[in-house]
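Visitor: Provided herewith is a single structure, encoded as structure tokens, for subsequent inquiry.
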Amino acid sequence: DRAELQRTSQAKRSEGQGILHDIDERLEVLQDEIDFREARIAKARQLARPGASLDVELAGLSGEDARDLLCRYCEKIVRLRQRERQSLRRFAANEAQLQEKSRQVAELQQVLRSQNSNASRYAAKVAKEYEAQIRVLQQRLDVAQQRSVEQSGGDGLGNSDS
């Protein structure tokens, strides 16, 4: 029973550590994704800023070319904002998943602590019961040996075979 409890406890501990490792790996992946997205957003914002180069470029274009360029920039801004919203939704979903996994890890850790405590109490109880049984058996053995000595001594026959 004790060995089984220890195996169960060890299995739970290993499972908890595996989950923690999985969460750590996912956190790293999420952080890499966030860093990548932030860099892309910063670059897009830098490119989207109106500056002197845009004024110079627009001054050298015809009205229709300027309109086409402006439409392309607007479409690009719309796409970037859509991607940003999608990234924010994915980030929120990943963050919710991370919180759920963290909650599960905390719950598993609590269960593991409880199992360890229960296993220790059970092992102590079993040890006390076995010790009590050993004492009872020892007493019975002592009584049986004493009776055996009394019976062999009471017959008047000495056991002096030497």
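For the structure tokens, the naming scheme is as follows: chains receive sequential letters (A, B, ...) according to their order of presentation, residues are indexed from 1 within each chain, and ligands are indexed from 1 in presentation order.
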Considering only C-alpha atoms, return as a list in words whatever protein or nucleic-acid residues lie within 12 Å of A:Asp24, sequence-local ones (same chain, fewer than 4 positions apart) excluded.

Guide: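 Final neighbour list, sorted by chain and number: Gln17, Gly18, Ile19, Leu20, Glu28, Val29, Leu30, Gln31, Leu98, Lys101, Ser102 and Val105 of chain A.
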
Visitor: Quick one: pull the distance between atom CA of A:Glu33 and atom CA of A:Gln99, Å, one decimal.

Guide: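 Separation between atom CA of A:Glu33 and atom CA of A:Gln99: 17.6 Å.
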
Visitor: For atom CA of A:Gly16 and atom CA of A:Ala123, determine how far apart the two atoms are, in Å to one decimal place.

Guide: 22.8 Å

Visitor: Please provide as a VMD selection string all residues within 9 Å of A:Ser9, with the sequence filter that same-chain residues fewer than 4 positions apart are discarded (counting only C-alpha atoms).

Guide: chain A and resid 4 to 5 13 to 14 112 115 to 116 119

Visitor: Using C-alpha atoms, can you write the selected residues to a file as a PDB file, in the first residue's frame?

Guide:
ATOM      1  CA  GLU A   4       1.584   2.156  -4.292  1.00  0.00           C
ATOM      2  CA  LEU A   5       0.927   5.500  -2.607  1.00  0.00           C
ATOM      3  CA  ARG A  13       4.434  14.961  -9.170  1.00  0.00           C
ATOM      4  CA  SER A  14       5.845  14.014 -12.595  1.00  0.00           C
ATOM      5  CA  LEU A 112      -0.275  16.800  -4.793  1.00  0.00           C
ATOM      6  CA  GLN A 115      -1.913  13.423  -1.515  1.00  0.00           C
ATOM      7  CA  ASN A 116       1.541  13.683   0.052  1.00  0.00           C
ATOM      8  CA  ALA A 119       0.138   9.294   2.141  1.00  0.00           C
TER       9      ALA A 119
END

Visitor: Could you pull the residues within 12 Å of A:Leu80, counting only C-alpha atoms, minus those fewer than 3 positions along the same chain, as a list in words?

Guide: Arg37, Arg40, Ile41, Ala42, Lys43, Ala44, Arg45, Leu47, Ala48, Tyr73, Cys74, Glu75, Lys76, Ile77, Arg83, Glu84, Arg85, Gln86 and Ser87 of chain A

Visitor: Using only C-alpha atoms, can you tell me which of A:Ala59, A:Ala3, A:Ala11, A:Ala132 comes closest to A:Leu108?

Guide: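 Among A:Ala59, A:Ala3, A:Ala11, A:Ala132, it is A:Ala11 that comes nearest to A:Leu108.
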
Visitor: What does the distance from atom CA of A:Asn94 to atom CA of A:Phe36 come to in Å, to one decimal?

Guide: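 Interatomic distance, atom CA of A:Asn94 to atom CA of A:Phe36: 15.5 Å.
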